[in-house]
Structure formats: C-alpha cells, structure tokens
Amino acid sequence: MPVPIPCRACHGGHYQPESPGSFHCGSCGSPATESTFRLQSDERLIVHAGVLQILTVPEGHQVITPDRRCHAPHLGASLTLALRLNRTHPVFRQTEDIQTAESLLAALDADERGPWVLSPAQLGVLTRAMDVRNALLPSASRRHPDFDAEIRAAHTRSRHPRAT
C-alpha cells in the first residue's frame, strides 16, 4: 500500500508533481526533488492520485501503473478467457496458477487505477493469459500493445531481479 509523504517544511501538506523528478507541497509550496527522499532498496517513489507516495516493492516484484482506466479490464479479460479455457484445455498446469489467476482477477476488479505490485508468479500467470488471448483473439490483443509490452518486460525483470 502506498504511503503519502508529508511535507518536510509544514508537515501538513503532501508533495505533488511539478515536473519529472521535481515536486512541491500542495499546502505551503515547499519544493523537493527525488534526491530529497531517502529510500530503502525495496521502496519506490510513485505518484498516486496526484500525491507523491512511497511504495514498498519486495524483491522480484514489479510495479505496474496503468495510465488508462481500460487497462485493468483489458488484463481482466485475458485472465477470464484463460480461466474459462482452462476448464477444457490446460492453460494453467498447476493449481497454484489457477488460484493466482483468480486472486489477480479479483485484485484488478477491486483496483482499476493501480499501482499494482505484482509478484513473479502473478506476472507469469498474466503473461500466459495474454498469450492465450493473443492466440484466440488477435484483434483484441492489439488494443494496448504498449501496456502489454510493459507487462511482458516486467515479467522478464521479475525473473532476473538483479537486472532491475
């Protein structure tokens, strides 16, 4: 869960983005840059709902932040199709993968805006579901190619966490 960063000057406001890597307090206007904040190795700065926040990211996990409200339903459709197909054709070979896909689908339904901190297992299930959707519905899979590429890149990074 992201945690808003209180202003270091007035302690009452929160930082908002001004330009890439630059922020200001919404209450007093005090400036800050990314280098102002000391982060642990498992923490990342994110802007969520217009407020700078710290997000804890366990090793191997990846942060996906959709920039459109349609991205969660797009991924959810892939998961739904794969889960339905799994009843007759083995899309997911392990019970854990089915459970991961179902819980990820519920998480996407509950939080369309993100950011999502996805585990390597979740990213693996998601890319497998995207592969199924690409094979069965190629036109639907081309709707958000940049976002799909971001998911695939995150999956690759999650398998090689030292490369991030």
# chains A, B, ... in the order shown; residues from 1 in each chain; ligands from 1
call {"tool": "select_by_dssp", "arguments": {"residues": "range 8-128 of chain A", "states": "alpha helix (DSSP H)", "output": "ChimeraX atom specification"}}
result
/A:71-86,95-110,120-128
call {"tool": "residues_around", "arguments": {"residues": "range 41-44 of chain A", "least_positions_apart": "5", "cutoff": "9 Å", "atoms": "only C-alpha atoms", "output": "PDB file with C-alpha atoms, in the first residue's frame"}}
result
ATOM      1  CA  GLN A  53       3.985   8.431  -2.153  1.00  0.00           C
ATOM      2  CA  ILE A  54       6.390   5.699  -1.121  1.00  0.00           C
ATOM      3  CA  LEU A  55       5.563   2.191  -2.251  1.00  0.00           C
ATOM      4  CA  THR A  56       7.285  -0.883  -0.815  1.00  0.00           C
ATOM      5  CA  VAL A  57       8.227  -3.372  -3.511  1.00  0.00           C
ATOM      6  CA  PRO A  58       9.516  -6.788  -2.373  1.00  0.00           C
ATOM      7  CA  GLU A  59      12.419  -8.284  -4.346  1.00  0.00           C
ATOM      8  CA  VAL A  63       5.204  -2.124 -10.116  1.00  0.00           C
TER       9      VAL A  63
END
call {"tool": "residues_around", "arguments": {"residues": "Ser119 in chain A", "least_positions_apart": "6", "cutoff": "8 Å", "atoms": "only C-alpha atoms", "output": "NGL selection string"}}
result
:A and (60-62 or 158)
call {"tool": "write_last_selection", "arguments": {"atoms": "N, CA and C atoms", "output": "mmCIF file, in the first residue's frame"}}
result
data_model
loop_
_atom_site.group_PDB
_atom_site.id
_atom_site.type_symbol
_atom_site.label_atom_id
_atom_site.label_comp_id
_atom_site.auth_asym_id
_atom_site.auth_seq_id
_atom_site.Cartn_x
_atom_site.Cartn_y
_atom_site.Cartn_z
ATOM 1 N N GLY A 60 11.957 -8.988 -6.591
ATOM 2 C CA GLY A 60 11.344 -9.788 -7.644
ATOM 3 C C GLY A 60 9.991 -9.273 -8.078
ATOM 4 N N HIS A 61 9.326 -8.496 -7.243
ATOM 5 C CA HIS A 61 8.033 -7.924 -7.585
ATOM 6 C C HIS A 61 8.252 -6.719 -8.495
ATOM 7 N N GLN A 62 7.250 -6.395 -9.279
ATOM 8 C CA GLN A 62 7.323 -5.274 -10.200
ATOM 9 C C GLN A 62 6.105 -4.387 -10.010
ATOM 10 N N SER A 158 11.169 -9.578 -13.449
ATOM 11 C CA SER A 158 10.860 -10.306 -12.203
ATOM 12 C C SER A 158 11.614 -11.628 -12.123
#
call {"tool": "residues_around", "arguments": {"residues": "Arg113 in chain A", "least_positions_apart": "5", "cutoff": "10 Å", "atoms": "only C-alpha atoms", "output": "list in words"}}
result
His48, Ala49, Thr65, Pro66, Asp67, Arg68, Arg69, Cys70, His71, Ala72 and Leu108 of chain A
call {"tool": "select_by_dssp", "arguments": {"residues": "chain A", "states": "strand (DSSP E)", "output": "number ranges by chain"}}
result
A: 3-4, 15-19, 22-25, 31-33, 43-48, 51-56, 62-64, 116-118
call {"tool": "write_last_selection", "arguments": {"atoms": "N, CA and C atoms", "output": "mmCIF file, in the first residue's frame"}}
result
data_model
loop_
_atom_site.group_PDB
_atom_site.id
_atom_site.type_symbol
_atom_site.label_atom_id
_atom_site.label_comp_id
_atom_site.auth_asym_id
_atom_site.auth_seq_id
_atom_site.Cartn_x
_atom_site.Cartn_y
_atom_site.Cartn_z
ATOM 1 N N VAL A 3 2.219 4.997 0.712
ATOM 2 C CA VAL A 3 2.127 5.879 1.865
ATOM 3 C C VAL A 3 2.482 7.298 1.417
ATOM 4 N N PRO A 4 1.549 8.269 1.566
ATOM 5 C CA PRO A 4 1.855 9.653 1.191
ATOM 6 C C PRO A 4 3.009 10.204 2.030
ATOM 7 N N TYR A 15 3.392 16.268 -1.040
ATOM 8 C CA TYR A 15 4.058 16.675 -2.275
ATOM 9 C C TYR A 15 3.254 16.253 -3.505
ATOM 10 N N GLN A 16 3.246 17.158 -4.471
ATOM 11 C CA GLN A 16 2.578 16.919 -5.742
ATOM 12 C C GLN A 16 3.597 17.095 -6.859
ATOM 13 N N PRO A 17 3.419 16.397 -7.976
ATOM 14 C CA PRO A 17 4.393 16.523 -9.066
ATOM 15 C C PRO A 17 4.354 17.911 -9.695
ATOM 16 N N GLU A 18 5.539 18.395 -10.005
ATOM 17 C CA GLU A 18 5.671 19.679 -10.684
ATOM 18 C C GLU A 18 6.217 19.441 -12.094
ATOM 19 N N SER A 19 7.285 18.675 -12.162
ATOM 20 C CA SER A 19 7.890 18.238 -13.416
ATOM 21 C C SER A 19 8.591 16.917 -13.098
ATOM 22 N N SER A 22 10.658 16.483 -9.870
ATOM 23 C CA SER A 22 10.505 17.707 -9.088
ATOM 24 C C SER A 22 9.088 17.774 -8.517
ATOM 25 N N PHE A 23 8.989 18.188 -7.241
ATOM 26 C CA PHE A 23 7.705 18.197 -6.551
ATOM 27 C C PHE A 23 7.572 19.475 -5.722
ATOM 28 N N HIS A 24 6.344 19.776 -5.308
ATOM 29 C CA HIS A 24 6.100 20.893 -4.403
ATOM 30 C C HIS A 24 4.977 20.511 -3.449
ATOM 31 N N CYS A 25 4.990 21.109 -2.265
ATOM 32 C CA CYS A 25 3.957 20.837 -1.273
ATOM 33 C C CYS A 25 2.655 21.515 -1.710
ATOM 34 N N PRO A 31 9.517 23.231 -2.193
ATOM 35 C CA PRO A 31 9.982 22.356 -3.280
ATOM 36 C C PRO A 31 10.743 21.132 -2.754
ATOM 37 N N ALA A 32 10.804 20.100 -3.581
ATOM 38 C CA ALA A 32 11.578 18.895 -3.282
ATOM 39 C C ALA A 32 11.910 18.207 -4.605
ATOM 40 N N THR A 33 12.979 17.440 -4.579
ATOM 41 C CA THR A 33 13.345 16.634 -5.750
ATOM 42 C C THR A 33 13.417 15.179 -5.314
ATOM 43 N N GLU A 43 11.958 0.180 -1.744
ATOM 44 C CA GLU A 43 10.973 1.250 -1.841
ATOM 45 C C GLU A 43 11.118 2.023 -3.147
ATOM 46 N N ARG A 44 9.998 2.531 -3.641
ATOM 47 C CA ARG A 44 9.966 3.322 -4.869
ATOM 48 C C ARG A 44 9.084 4.542 -4.631
ATOM 49 N N LEU A 45 9.429 5.644 -5.291
ATOM 50 C CA LEU A 45 8.564 6.822 -5.296
ATOM 51 C C LEU A 45 7.551 6.659 -6.414
ATOM 52 N N ILE A 46 6.292 6.912 -6.110
ATOM 53 C CA ILE A 46 5.249 6.885 -7.125
ATOM 54 C C ILE A 46 4.339 8.087 -6.913
ATOM 55 N N VAL A 47 3.640 8.479 -7.938
ATOM 56 C CA VAL A 47 2.596 9.491 -7.808
ATOM 57 C C VAL A 47 1.278 8.746 -7.958
ATOM 58 N N HIS A 48 0.486 8.807 -6.894
ATOM 59 C CA HIS A 48 -0.807 8.125 -6.886
ATOM 60 C C HIS A 48 -1.868 9.148 -6.493
ATOM 61 N N VAL A 51 -0.558 12.626 -5.666
ATOM 62 C CA VAL A 51 0.247 12.839 -4.460
ATOM 63 C C VAL A 51 1.463 11.919 -4.507
ATOM 64 N N LEU A 52 2.648 12.464 -4.186
ATOM 65 C CA LEU A 52 3.868 11.667 -4.121
ATOM 66 C C LEU A 52 3.780 10.715 -2.934
ATOM 67 N N GLN A 53 4.085 9.440 -3.198
ATOM 68 C CA GLN A 53 3.985 8.431 -2.153
ATOM 69 C C GLN A 53 5.151 7.465 -2.252
ATOM 70 N N ILE A 54 5.381 6.750 -1.147
ATOM 71 C CA ILE A 54 6.390 5.699 -1.121
ATOM 72 C C ILE A 54 5.665 4.363 -1.186
ATOM 73 N N LEU A 55 6.142 3.511 -2.072
ATOM 74 C CA LEU A 55 5.563 2.191 -2.251
ATOM 75 C C LEU A 55 6.647 1.158 -1.974
ATOM 76 N N THR A 56 6.343 0.188 -1.107
ATOM 77 C CA THR A 56 7.285 -0.883 -0.815
ATOM 78 C C THR A 56 7.116 -1.977 -1.853
ATOM 79 N N GLN A 62 7.250 -6.395 -9.279
ATOM 80 C CA GLN A 62 7.323 -5.274 -10.200
ATOM 81 C C GLN A 62 6.105 -4.387 -10.010
ATOM 82 N N VAL A 63 6.294 -3.095 -10.228
ATOM 83 C CA VAL A 63 5.204 -2.124 -10.116
ATOM 84 C C VAL A 63 4.676 -1.824 -11.508
ATOM 85 N N ILE A 64 3.394 -1.996 -11.672
ATOM 86 C CA ILE A 64 2.714 -1.657 -12.922
ATOM 87 C C ILE A 64 1.708 -0.569 -12.593
ATOM 88 N N TRP A 116 -0.095 -1.376 -9.175
ATOM 89 C CA TRP A 116 -0.141 -2.777 -8.767
ATOM 90 C C TRP A 116 1.284 -3.261 -8.535
ATOM 91 N N VAL A 117 1.497 -3.912 -7.407
ATOM 92 C CA VAL A 117 2.779 -4.552 -7.121
ATOM 93 C C VAL A 117 2.550 -6.032 -7.378
ATOM 94 N N LEU A 118 3.121 -6.528 -8.476
ATOM 95 C CA LEU A 118 2.854 -7.898 -8.908
ATOM 96 C C LEU A 118 4.069 -8.797 -8.672
#
call {"tool": "closest_residue", "arguments": {"among": "A:Ala149, A:Cys7, A:Leu137, A:Ala77", "to": "Glu102 in chain A", "atoms": "only C-alpha atoms"}}
result
A:Ala77
call {"tool": "atom_distance", "arguments": {"atom1": "CA of His74 in chain A", "atom2": "CA of Ala129 in chain A"}}
result
11.1 Å
call {"tool": "atom_distance", "arguments": {"atom1": "CA of Leu123 in chain A", "atom2": "CA of Ile5 in chain A"}}
result
28.4 Å
call {"tool": "residues_around", "arguments": {"residues": "Ile151 in chain A", "least_positions_apart": "4", "cutoff": "9 Å", "atoms": "only C-alpha atoms", "output": "ChimeraX atom specification"}}
result
/A:64,123,126-127,146-147,155-156
call {"tool": "write_last_selection", "arguments": {"atoms": "C-alpha atoms", "output": "short mmCIF file (atom, residue, chain, number, x, y, z; two decimals), in the first residue's frame"}}
result
data_model
loop_
_atom_site.label_atom_id
_atom_site.label_comp_id
_atom_site.auth_asym_id
_atom_site.auth_seq_id
_atom_site.Cartn_x
_atom_site.Cartn_y
_atom_site.Cartn_z
CA ILE A 64 2.71 -1.66 -12.92
CA LEU A 123 3.24 -11.78 -13.83
CA LEU A 126 -0.76 -12.79 -16.54
CA THR A 127 1.61 -13.21 -19.48
CA ASP A 146 2.50 -0.63 -25.23
CA PHE A 147 0.83 -1.71 -22.00
CA HIS A 155 7.72 -10.36 -16.18
CA THR A 156 11.22 -10.62 -17.63
#
call {"tool": "atom_distance", "arguments": {"atom1": "CA of Gln122 in chain A", "atom2": "CA of Leu39 in chain A"}}
result
25.2 Å
call {"tool": "closest_residue", "arguments": {"among": "A:Arg143, A:Arg38, A:His11, A:Arg93", "to": "Gly26 in chain A", "atoms": "only C-alpha atoms"}}
result
A:His11
call {"tool": "closest_residue", "arguments": {"among": "A:Ala106, A:Ala153, A:Val125, A:Ile98", "to": "Gly76 in chain A", "atoms": "only C-alpha atoms"}}
result
A:Ala106
call {"tool": "residues_around", "arguments": {"residues": "range 86-92 of chain A", "least_positions_apart": "4", "cutoff": "12 Å", "atoms": "only C-alpha atoms", "output": "list in words"}}
result
Ser78, Leu79, Thr80, Leu81, Ala82, Glu96, Asp97, Ile98, Gln99, Thr100, Ala101, Glu102, Ala121, Gly124, Val125, Leu126, Thr127, Arg128, Ala129, Met130, Asp131, Val132 and Arg133 of chain A
